[in-house]
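Peer 1: The structure file my_file_12.tsv (TSV, C-alpha atoms (C1' of nucleotides)) is provided below.
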```
chain	number	residue	atom	x	y	z
A	1	MET	CA	-6.72	-3.51	20.14
A	2	ARG	CA	-5.65	-2.49	16.66
A	3	PRO	CA	-5.46	1.26	16.08
A	4	ASN	CA	-7.95	2.53	13.57
A	5	SER	CA	-9.23	5.80	12.18
A	6	SER	CA	-11.32	6.62	15.20
A	7	ASP	CA	-8.30	6.59	17.49
A	8	ASP	CA	-5.84	8.93	15.81
A	9	PRO	CA	-7.04	12.53	15.90
A	10	GLY	CA	-4.95	13.59	12.89
A	11	LEU	CA	-6.33	10.81	10.80
A	12	ARG	CA	-9.82	11.40	12.08
A	13	ALA	CA	-9.59	14.96	10.81
A	14	ILE	CA	-8.94	13.59	7.35
A	15	LEU	CA	-11.08	10.50	7.20
A	16	GLY	CA	-13.65	11.74	9.62
A	17	GLY	CA	-16.79	9.89	10.47
A	18	THR	CA	-18.20	9.36	7.03
A	19	GLU	CA	-21.12	7.08	6.54
A	20	ILE	CA	-19.18	5.24	3.86
A	21	PRO	CA	-15.93	4.59	5.71
A	22	THR	CA	-14.47	1.84	3.55
A	23	ALA	CA	-15.26	3.46	0.21
A	24	TYR	CA	-14.04	6.79	1.49
A	25	LYS	CA	-10.71	5.42	2.63
A	26	ILE	CA	-10.15	3.51	-0.58
A	27	GLY	CA	-10.88	6.67	-2.50
A	28	TYR	CA	-8.60	8.72	-0.31
A	29	VAL	CA	-5.62	6.43	-0.71
A	30	LEU	CA	-6.17	5.82	-4.40
A	31	ASN	CA	-6.53	9.51	-5.18
A	32	PHE	CA	-3.12	10.24	-3.78
A	33	TYR	CA	-1.67	7.33	-5.66
A	34	ARG	CA	-3.29	7.93	-8.97
A	35	GLU	CA	-3.78	11.63	-9.55
A	36	PRO	CA	-0.20	12.83	-9.25
A	37	SER	CA	1.19	9.90	-11.22
A	38	PHE	CA	-1.30	10.31	-14.01
A	39	ARG	CA	-0.84	14.04	-14.12
A	40	ALA	CA	2.90	13.61	-14.43
A	41	ILE	CA	2.48	11.09	-17.25
A	42	GLU	CA	-0.04	13.30	-19.01
A	43	MET	CA	2.34	16.21	-18.91
A	44	GLU	CA	5.53	14.39	-19.72
A	45	PHE	CA	4.25	12.14	-22.50
A	46	GLY	CA	1.31	14.14	-23.81
A	47	LEU	CA	-1.18	11.39	-23.16
A	48	THR	CA	-4.70	11.68	-21.80
A	49	ARG	CA	-6.03	9.55	-19.00
A	50	PRO	CA	-7.91	7.06	-21.21
A	51	GLU	CA	-4.88	6.78	-23.47
A	52	ILE	CA	-2.68	5.84	-20.52
A	53	VAL	CA	-5.13	3.25	-19.30
A	54	ILE	CA	-5.67	1.72	-22.72
A	55	LEU	CA	-1.94	1.20	-23.18
A	56	LEU	CA	-1.84	-0.34	-19.73
A	57	ALA	CA	-4.66	-2.74	-20.57
A	58	LEU	CA	-3.27	-3.67	-23.97
A	59	HIS	CA	-0.02	-4.54	-22.34
A	60	PHE	CA	-1.57	-7.60	-20.75
A	61	ARG	CA	-4.45	-8.17	-23.08
A	62	GLU	CA	-3.72	-7.39	-26.68
A	63	GLY	CA	-6.36	-7.88	-29.30
A	64	ILE	CA	-9.28	-6.65	-27.23
A	65	THR	CA	-11.82	-4.29	-28.76
A	66	ALA	CA	-12.79	-0.84	-27.56
A	67	SER	CA	-16.09	-2.06	-26.19
A	68	GLU	CA	-14.49	-4.92	-24.29
A	69	PHE	CA	-12.20	-2.40	-22.75
A	70	CYS	CA	-15.19	-0.25	-21.81
A	71	GLU	CA	-16.87	-3.18	-20.18
A	72	PHE	CA	-14.12	-4.22	-17.84
A	73	SER	CA	-12.68	-0.79	-17.20
A	74	GLY	CA	-15.91	1.11	-16.72
A	75	HIS	CA	-14.81	3.87	-19.10
A	76	LEU	CA	-17.29	5.51	-21.45
A	77	LYS	CA	-17.19	4.47	-25.05
A	78	ALA	CA	-16.96	7.99	-26.47
A	79	GLY	CA	-13.80	8.65	-24.53
A	80	VAL	CA	-12.31	5.33	-25.47
A	81	SER	CA	-13.17	5.85	-29.12
A	82	ARG	CA	-11.42	9.21	-29.15
A	83	ALA	CA	-8.42	7.84	-27.31
A	84	VAL	CA	-8.12	4.93	-29.72
A	85	ILE	CA	-8.21	7.26	-32.72
A	86	VAL	CA	-5.52	9.45	-31.20
A	87	LEU	CA	-3.36	6.50	-30.15
A	88	GLU	CA	-3.47	5.19	-33.68
A	89	LYS	CA	-2.55	8.59	-35.11
A	90	LYS	CA	0.42	8.61	-32.76
A	91	ALA	CA	1.29	5.11	-33.99
A	92	LEU	CA	1.19	3.74	-30.46
A	93	ILE	CA	-1.46	1.17	-31.29
A	94	ARG	CA	-2.65	-0.59	-34.42
A	95	ARG	CA	-6.28	-1.34	-35.28
A	96	GLN	CA	-7.32	-4.39	-37.20
A	97	THR	CA	-10.90	-4.94	-38.23
A	98	ASP	CA	-12.18	-8.24	-36.91
A	99	PRO	CA	-12.70	-10.47	-39.99
A	100	ARG	CA	-15.58	-12.23	-38.24
A	101	ASP	CA	-17.41	-9.00	-37.42
A	102	SER	CA	-16.43	-5.94	-39.32
A	103	ARG	CA	-17.87	-3.59	-36.71
A	104	ARG	CA	-15.24	-4.65	-34.23
A	105	GLN	CA	-11.67	-3.45	-34.27
A	106	LEU	CA	-9.02	-5.44	-32.52
A	107	LEU	CA	-6.39	-3.33	-30.81
A	108	PHE	CA	-2.68	-4.08	-30.65
A	109	LEU	CA	0.30	-2.23	-29.28
A	110	THR	CA	2.96	-1.17	-31.76
A	111	GLU	CA	6.61	-1.26	-30.87
A	112	ALA	CA	6.43	2.47	-30.16
A	113	GLY	CA	3.46	1.88	-27.89
A	114	ARG	CA	5.31	-0.81	-25.99
A	115	ALA	CA	8.33	1.47	-25.70
A	116	LEU	CA	6.28	4.36	-24.35
A	117	TYR	CA	4.59	2.09	-21.86
A	118	ALA	CA	8.00	0.91	-20.71
A	119	ARG	CA	8.97	4.49	-20.03
A	120	TYR	CA	6.09	5.38	-17.77
A	121	ILE	CA	5.30	2.16	-15.96
A	122	PRO	CA	8.30	2.54	-13.59
A	123	VAL	CA	6.77	5.75	-12.23
A	124	LEU	CA	3.57	3.91	-11.40
A	125	GLN	CA	5.49	0.99	-9.91
A	126	ALA	CA	7.60	3.22	-7.72
A	127	ARG	CA	4.56	5.00	-6.45
A	128	GLU	CA	2.73	1.75	-5.74
A	129	ALA	CA	5.74	0.58	-3.77
A	130	ALA	CA	5.73	3.82	-1.78
A	131	MET	CA	2.03	3.47	-1.08
A	132	LEU	CA	2.48	-0.06	0.22
A	133	ALA	CA	5.72	0.54	2.08
A	134	CYS	CA	3.94	0.77	5.43
A	135	LEU	CA	2.60	-2.78	5.15
A	136	SER	CA	4.49	-5.94	6.01
A	137	ALA	CA	4.77	-8.67	3.40
A	138	ALA	CA	2.04	-10.60	5.16
A	139	GLU	CA	-0.23	-7.59	5.22
A	140	ARG	CA	0.28	-7.03	1.51
A	141	ARG	CA	-0.67	-10.60	0.79
A	142	GLN	CA	-3.73	-10.10	2.95
A	143	LEU	CA	-4.64	-6.92	1.11
A	144	ASP	CA	-4.15	-8.51	-2.28
A	145	GLY	CA	-6.30	-11.45	-1.25
A	146	LEU	CA	-9.09	-9.16	-0.15
A	147	LEU	CA	-8.82	-7.11	-3.32
A	148	ASP	CA	-8.96	-10.23	-5.49
A	149	LYS	CA	-12.12	-11.21	-3.71
A	150	LEU	CA	-13.65	-7.77	-4.14
A	151	ALA	CA	-12.62	-7.62	-7.79
A	152	ALA	CA	-14.07	-11.03	-8.54
A	153	HIS	CA	-17.33	-9.95	-6.98
A	154	VAL	CA	-17.67	-6.70	-8.93
A	155	PRO	CA	-19.79	-8.13	-11.76
A	156	ALA	CA	-22.40	-9.17	-9.20
A	157	TRP	CA	-23.27	-5.61	-8.25
A	158	ALA	CA	-21.63	-3.15	-10.63
A	159	GLY	CA	-24.53	-3.13	-13.04
A	160	VAL	CA	-27.37	-3.07	-10.56
A	161	SER	CA	-29.03	0.22	-11.36
A	162	GLU	CA	-31.00	0.56	-8.14
A	163	LEU	CA	-27.78	1.15	-6.24
B	1	MET	CA	-3.70	-22.13	-0.95
B	2	ARG	CA	-5.91	-19.08	-1.28
B	3	PRO	CA	-7.29	-18.44	-4.75
B	4	ASN	CA	-6.07	-15.22	-6.30
B	5	SER	CA	-6.23	-13.36	-9.57
B	6	SER	CA	-3.75	-15.59	-11.35
B	7	ASP	CA	-5.95	-18.64	-10.82
B	8	ASP	CA	-9.32	-17.60	-12.21
B	9	PRO	CA	-9.19	-17.18	-16.00
B	10	GLY	CA	-12.19	-14.82	-16.06
B	11	LEU	CA	-10.64	-12.56	-13.50
B	12	ARG	CA	-7.27	-12.79	-15.13
B	13	ALA	CA	-8.82	-11.46	-18.31
B	14	ILE	CA	-9.90	-8.39	-16.39
B	15	LEU	CA	-7.06	-7.82	-13.97
B	16	GLY	CA	-4.42	-9.37	-16.12
B	17	GLY	CA	-0.82	-9.43	-15.21
B	18	THR	CA	-0.20	-5.77	-14.67
B	19	GLU	CA	3.01	-4.58	-13.16
B	20	ILE	CA	1.07	-2.61	-10.58
B	21	PRO	CA	-1.29	-5.32	-9.34
B	22	THR	CA	-2.42	-3.78	-6.08
B	23	ALA	CA	-2.99	-0.28	-7.42
B	24	TYR	CA	-4.72	-1.68	-10.47
B	25	LYS	CA	-7.13	-3.76	-8.45
B	26	ILE	CA	-7.94	-0.94	-6.07
B	27	GLY	CA	-8.64	1.26	-9.06
B	28	TYR	CA	-10.75	-1.37	-10.72
B	29	VAL	CA	-12.98	-1.93	-7.71
B	30	LEU	CA	-13.23	1.73	-6.81
B	31	ASN	CA	-14.11	2.75	-10.37
B	32	PHE	CA	-17.11	0.50	-10.35
B	33	TYR	CA	-18.14	1.75	-6.98
B	34	ARG	CA	-17.66	5.42	-7.56
B	35	GLU	CA	-18.36	6.27	-11.17
B	36	PRO	CA	-21.92	5.05	-11.47
B	37	SER	CA	-22.93	6.42	-8.07
B	38	PHE	CA	-21.43	9.80	-8.76
B	39	ARG	CA	-22.89	9.96	-12.23
B	40	ALA	CA	-26.33	9.20	-10.82
B	41	ILE	CA	-25.97	11.88	-8.18
B	42	GLU	CA	-24.66	14.39	-10.71
B	43	MET	CA	-27.66	13.77	-12.93
B	44	GLU	CA	-30.34	13.60	-10.29
B	45	PHE	CA	-29.22	16.49	-8.12
B	46	GLY	CA	-27.38	18.66	-10.61
B	47	LEU	CA	-24.15	18.60	-8.67
B	48	THR	CA	-20.62	18.29	-9.98
B	49	ARG	CA	-18.09	15.87	-8.58
B	50	PRO	CA	-16.23	18.37	-6.39
B	51	GLU	CA	-19.54	19.69	-5.12
B	52	ILE	CA	-20.58	16.22	-4.01
B	53	VAL	CA	-17.29	15.60	-2.27
B	54	ILE	CA	-17.25	18.95	-0.52
B	55	LEU	CA	-20.70	18.34	0.95
B	56	LEU	CA	-19.48	14.92	2.04
B	57	ALA	CA	-16.45	16.41	3.76
B	58	LEU	CA	-18.34	19.24	5.40
B	59	HIS	CA	-20.71	16.72	6.86
B	60	PHE	CA	-18.02	15.48	9.20
B	61	ARG	CA	-15.80	18.51	9.32
B	62	GLU	CA	-17.64	21.78	9.19
B	63	GLY	CA	-15.75	25.01	9.33
B	64	ILE	CA	-12.82	23.91	7.19
B	65	THR	CA	-11.50	26.20	4.48
B	66	ALA	CA	-11.22	25.49	0.79
B	67	SER	CA	-7.48	25.03	0.99
B	68	GLU	CA	-7.68	22.64	3.92
B	69	PHE	CA	-10.10	20.62	1.86
B	70	CYS	CA	-7.66	20.66	-1.06
B	71	GLU	CA	-4.88	19.43	1.15
B	72	PHE	CA	-6.56	16.37	2.54
B	73	SER	CA	-8.66	15.50	-0.48
B	74	GLY	CA	-6.06	16.04	-3.16
B	75	HIS	CA	-8.43	18.13	-5.26
B	76	LEU	CA	-7.16	21.16	-7.15
B	77	LYS	CA	-7.89	24.53	-5.70
B	78	ALA	CA	-9.39	26.00	-8.88
B	79	GLY	CA	-12.01	23.29	-8.99
B	80	VAL	CA	-12.75	23.60	-5.30
B	81	SER	CA	-13.03	27.37	-5.56
B	82	ARG	CA	-15.54	27.05	-8.39
B	83	ALA	CA	-17.51	24.41	-6.54
B	84	VAL	CA	-17.63	26.49	-3.39
B	85	ILE	CA	-18.95	29.50	-5.28
B	86	VAL	CA	-21.65	27.40	-6.93
B	87	LEU	CA	-22.59	25.66	-3.69
B	88	GLU	CA	-23.06	29.01	-2.03
B	89	LYS	CA	-25.18	30.28	-4.92
B	90	LYS	CA	-27.34	27.20	-4.48
B	91	ALA	CA	-27.54	27.97	-0.76
B	92	LEU	CA	-26.16	24.55	0.14
B	93	ILE	CA	-23.22	25.98	2.04
B	94	ARG	CA	-22.46	29.22	3.82
B	95	ARG	CA	-19.11	31.03	3.77
B	96	GLN	CA	-17.84	33.02	6.67
B	97	THR	CA	-14.65	35.01	6.47
B	98	ASP	CA	-12.25	33.97	9.20
B	99	PRO	CA	-11.96	36.95	11.57
B	100	ARG	CA	-8.38	35.99	12.36
B	101	ASP	CA	-7.31	35.89	8.71
B	102	SER	CA	-9.55	37.58	6.24
B	103	ARG	CA	-8.20	35.61	3.31
B	104	ARG	CA	-9.66	32.41	4.69
B	105	GLN	CA	-13.31	31.48	4.36
B	106	LEU	CA	-14.78	28.96	6.74
B	107	LEU	CA	-17.32	26.69	5.12
B	108	PHE	CA	-20.53	25.46	6.73
B	109	LEU	CA	-23.43	23.39	5.52
B	110	THR	CA	-26.82	25.08	5.44
B	111	GLU	CA	-29.97	23.20	6.31
B	112	ALA	CA	-30.62	22.76	2.60
B	113	GLY	CA	-27.12	21.36	2.17
B	114	ARG	CA	-27.63	18.93	4.99
B	115	ALA	CA	-30.96	17.90	3.52
B	116	LEU	CA	-29.50	17.31	0.08
B	117	TYR	CA	-26.66	15.28	1.55
B	118	ALA	CA	-29.22	13.18	3.40
B	119	ARG	CA	-30.92	12.40	0.11
B	120	TYR	CA	-27.88	11.10	-1.72
B	121	ILE	CA	-25.82	9.43	0.98
B	122	PRO	CA	-28.08	6.34	1.08
B	123	VAL	CA	-27.21	5.61	-2.54
B	124	LEU	CA	-23.53	5.61	-1.68
B	125	GLN	CA	-24.10	3.53	1.44
B	126	ALA	CA	-26.12	0.93	-0.43
B	127	ARG	CA	-23.46	0.65	-3.07
B	128	GLU	CA	-20.70	0.34	-0.50
B	129	ALA	CA	-22.66	-2.46	1.17
B	130	ALA	CA	-23.03	-4.22	-2.19
B	131	MET	CA	-19.34	-3.87	-2.86
B	132	LEU	CA	-18.42	-5.40	0.48
B	133	ALA	CA	-21.13	-8.07	0.48
B	134	CYS	CA	-18.66	-10.75	-0.58
B	135	LEU	CA	-16.52	-10.28	2.52
B	136	SER	CA	-17.16	-11.76	5.94
B	137	ALA	CA	-17.34	-9.47	8.94
B	138	ALA	CA	-13.81	-10.50	9.89
B	139	GLU	CA	-12.53	-9.79	6.41
B	140	ARG	CA	-14.11	-6.34	6.46
B	141	ARG	CA	-12.42	-5.55	9.71
B	142	GLN	CA	-9.18	-6.74	8.20
B	143	LEU	CA	-9.70	-4.58	5.14
B	144	ASP	CA	-10.56	-1.52	7.20
B	145	GLY	CA	-7.51	-2.05	9.34
B	146	LEU	CA	-5.27	-2.23	6.29
B	147	LEU	CA	-6.90	0.83	4.78
B	148	ASP	CA	-6.45	2.79	8.00
B	149	LYS	CA	-2.81	1.92	7.92
B	150	LEU	CA	-2.46	2.92	4.28
B	151	ALA	CA	-4.39	6.15	4.84
B	152	ALA	CA	-2.30	7.11	7.85
B	153	HIS	CA	0.82	6.57	5.77
B	154	VAL	CA	-0.28	8.69	2.82
B	155	PRO	CA	1.39	11.92	3.98
B	156	ALA	CA	4.73	10.13	3.99
B	157	TRP	CA	4.79	9.63	0.23
B	158	ALA	CA	1.98	11.60	-1.41
B	159	GLY	CA	4.05	14.68	-1.89
B	160	VAL	CA	7.31	13.10	-2.95
B	161	SER	CA	7.75	14.49	-6.43
B	162	GLU	CA	10.30	11.96	-7.64
B	163	LEU	CA	7.62	9.30	-7.68
C	1	DT	C1'	8.56	50.01	9.90
C	2	DG	C1'	8.24	48.40	4.89
C	3	DA	C1'	9.94	45.42	0.99
C	4	DA	C1'	9.77	40.69	-0.32
C	5	DT	C1'	7.57	36.36	0.11
C	6	DT	C1'	3.90	33.33	1.06
C	7	DT	C1'	-0.80	32.05	1.23
C	8	DG	C1'	-5.98	31.77	0.29
C	9	DG	C1'	-8.87	32.29	-3.20
C	10	DT	C1'	-10.53	33.60	-8.04
C	11	DC	C1'	-10.24	33.92	-13.01
C	12	DT	C1'	-8.99	32.70	-17.77
C	13	DC	C1'	-8.17	30.00	-21.60
C	14	DA	C1'	-7.21	25.72	-23.49
C	15	DT	C1'	-8.32	20.94	-23.15
C	16	DA	C1'	-10.93	16.84	-21.68
C	17	DT	C1'	-15.16	14.66	-20.75
C	18	DT	C1'	-20.10	13.90	-20.92
C	19	DA	C1'	-24.68	12.49	-22.79
C	20	DG	C1'	-26.74	11.22	-26.41
C	21	DA	C1'	-27.60	11.31	-31.53
C	22	DC	C1'	-25.98	9.00	-35.59
C	23	DT	C1'	-23.91	5.36	-39.08
C	24	DT	C1'	-22.85	0.95	-40.25
C	25	DT	C1'	-22.84	-3.92	-39.58
C	26	DT	C1'	-24.68	-8.00	-37.41
C	27	DT	C1'	-28.19	-10.69	-35.16
C	28	DT	C1'	-32.90	-11.98	-34.21
C	29	DA	C1'	-37.55	-12.91	-35.30
C	30	DT	C1'	-40.96	-13.55	-38.42
D	1	DA	C1'	-35.63	-13.56	-47.10
D	2	DT	C1'	-36.51	-9.36	-44.78
D	3	DA	C1'	-37.77	-6.13	-41.29
D	4	DA	C1'	-36.75	-4.89	-36.61
D	5	DA	C1'	-33.60	-4.72	-32.92
D	6	DA	C1'	-29.03	-4.58	-31.12
D	7	DA	C1'	-24.16	-3.59	-31.11
D	8	DA	C1'	-19.55	-1.26	-32.36
D	9	DG	C1'	-17.76	2.80	-33.04
D	10	DT	C1'	-17.87	7.89	-34.27
D	11	DC	C1'	-19.41	12.57	-33.89
D	12	DT	C1'	-21.32	16.87	-31.87
D	13	DA	C1'	-22.48	20.36	-28.68
D	14	DA	C1'	-22.59	21.52	-23.84
D	15	DT	C1'	-20.13	21.14	-19.61
D	16	DA	C1'	-16.32	20.21	-16.50
D	17	DT	C1'	-11.56	20.31	-15.56
D	18	DG	C1'	-6.67	21.57	-15.46
D	19	DA	C1'	-2.44	24.60	-15.42
D	20	DG	C1'	-1.14	28.69	-14.36
D	21	DA	C1'	-1.72	33.79	-14.10
D	22	DC	C1'	-3.66	36.96	-10.99
D	23	DC	C1'	-5.23	39.74	-6.71
D	24	DA	C1'	-5.47	40.76	-2.02
D	25	DA	C1'	-4.35	39.75	2.75
D	26	DA	C1'	-0.89	38.13	5.95
D	27	DT	C1'	3.74	36.90	7.34
D	28	DT	C1'	8.77	37.21	7.33
D	29	DC	C1'	12.79	39.51	8.07
D	30	DA	C1'	16.04	43.24	7.31
```
Show how you would write the structure in this file as structure tokens.
Peer 2:
Amino acid sequence: MRPNSSDDPGLRAILGGTEIPTAYKIGYVLNFYREPSFRAIEMEFGLTRPEIVILLALHFREGITASEFCEFSGHLKAGVSRAVIVLEKKALIRRQTDPRDSRRQLLFLTEAGRALYARYIPVLQAREAAMLACLSAAERRQLDGLLDKLAAHVPAWAGVSEL
Amino acid sequence: MRPNSSDDPGLRAILGGTEIPTAYKIGYVLNFYREPSFRAIEMEFGLTRPEIVILLALHFREGITASEFCEFSGHLKAGVSRAVIVLEKKALIRRQTDPRDSRRQLLFLTEAGRALYARYIPVLQAREAAMLACLSAAERRQLDGLLDKLAAHVPAWAGVSEL
DNA sequence: TGAATTTGGTCTCATATTAGACTTTTTTAT
DNA sequence: ATAAAAAAGTCTAATATGAGACCAAATTCA
């Protein structure tokens, strides 16, 4: 039988017998991954959380608009708007009004933005590696497969307001 | 071959080719689980995020202190202190100075606290079920097993400041 | 002992985040 | 065409949060 949270007393003290075991555990692990890394980046580079995430997103999807970013990231548009204004002031991104719809502003990284990203991404990578170090290669593949499935399914329930 | 995020163009647009794929996906899924639920609970019950989480933790581990909660939850002590004060004012928890160390305050749910918890936990449960609906029973067991392993391993890296 | 350090918890001030109102542009319906 | 509705983004005022100073109780160790 595979050990799980109900076997190990130390772990049980942390994870306990919540009524949302999976969500709780995901939250627990992610918190310890994300909070310290983000705090360090905030401090060292003077960025806010949405700023960090926007740079991250632009790195693989340049030319998106603020509201597209809101949609797939779940961030609130006020926060994103502020972050975008600040990022432009800092010359880390460039805004270009969409010629086909002048309400929309397409967002692009500048060279400085790309350079800043390159300075903080290694921290996040190292911490991800540390988080996953306890899993074998096969287990990581398994985990990634499950996460892909969960991620693909998000649109089916994320917006359902009764939940 | 199992489909994954690099195959589906729609998903790729969301998850992209980040350099922290696992962490990014966990964050993506968890965001959509947690943010809307917590926002709803905040609004409906007039609780703040740390207040919600403290009630959740006390439900399976009564008698812990604020700093123990900080340790295993990763929350900051200032926020927890504030939340504890407010929760006591609202008569949702009770504080009892530890007779063996009068700096420490043991925290307990009151009946009202238990009742409030009982009103909001179903929302979180329903949303967790929706999130996991795309996985088979076997896959959920797999996921929980991997999460238990990750959670058990957290103490090994969470505090390492070089990361 | 008793001085120095550590620990649990609170407080303060500066900053970040929220909900929701508002402006402008585009789309839809008539 | 034109009025109504929707959408993108910004702004504002209230609230929440974060880093770190602070106090009091407990522990260490000379």
Peer 1: I need the contact residues of chain C against chain A, so if you could list those with any atom within 9 Å, counting only C-alpha atoms (C1' of nucleotides), and return them as a compact mmCIF listing (two decimals) with C-alpha atoms (C1' of nucleotides), in the frame of the given file, that would help.
Peer 2:
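The resulting file, result-v6.txt, is shown below:
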```txt
# COMPACT_ATOMS: atom_id res chain seq x y z
C1' DA C 16 -10.93 16.84 -21.68
C1' DT C 17 -15.16 14.66 -20.75
C1' DT C 18 -20.10 13.90 -20.92
C1' DT C 24 -22.85 0.95 -40.25
C1' DT C 25 -22.84 -3.92 -39.58
C1' DT C 26 -24.68 -8.00 -37.41
```
Peer 1: Counting only C-alpha atoms (C1' of nucleotides), which residues of chain D come no farther than 12 Å from chain A, as number ranges by chain?
Peer 2: D: 7-12, 18-19
Peer 1: Select, as a PyMOL selection string, those residues of chain A with any atom no more than 7 Å from chain B (distances computed using only C-alpha atoms).
Peer 2: chain A and resi 4-5+11+14+16-20+22-23+25-32+60+72-74+123+125-128+130-131+134+143-145+147-148+150-154+157-158+163
Peer 1: Calculate how many Å separate CA of Ile41 in chain A from CA of Glu62 in chain A, rounding to one decimal.
Peer 2: 21.7 Å
Peer 1: Name all residues at most 8 Å from Thr110 in chain A (count all atoms listed in the file; drop same-chain ones fewer than 4 positions away) and give them as a ChimeraX atom specification.
Peer 2: /A:91-94,114
Peer 1: Selection from above, C-alpha atoms, as a PDB file, in the coordinates of the input, can you write it?
Peer 2:
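Wrote it out as again.pdb, contents follow:
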```pdb
ATOM      1  CA  ALA A  91       1.290   5.110 -33.990  1.00  0.00           C
ATOM      2  CA  LEU A  92       1.190   3.740 -30.460  1.00  0.00           C
ATOM      3  CA  ILE A  93      -1.460   1.170 -31.290  1.00  0.00           C
ATOM      4  CA  ARG A  94      -2.650  -0.590 -34.420  1.00  0.00           C
ATOM      5  CA  ARG A 114       5.310  -0.810 -25.990  1.00  0.00           C
TER       6      ARG A 114
END
```
Peer 1: For a test of reading the model, state the distance in Å between CA of Ala83 in chain A and CA of Glu51 in chain A, rounded to one decimal.
Peer 2: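 These atoms are spaced 5.3 Å apart.
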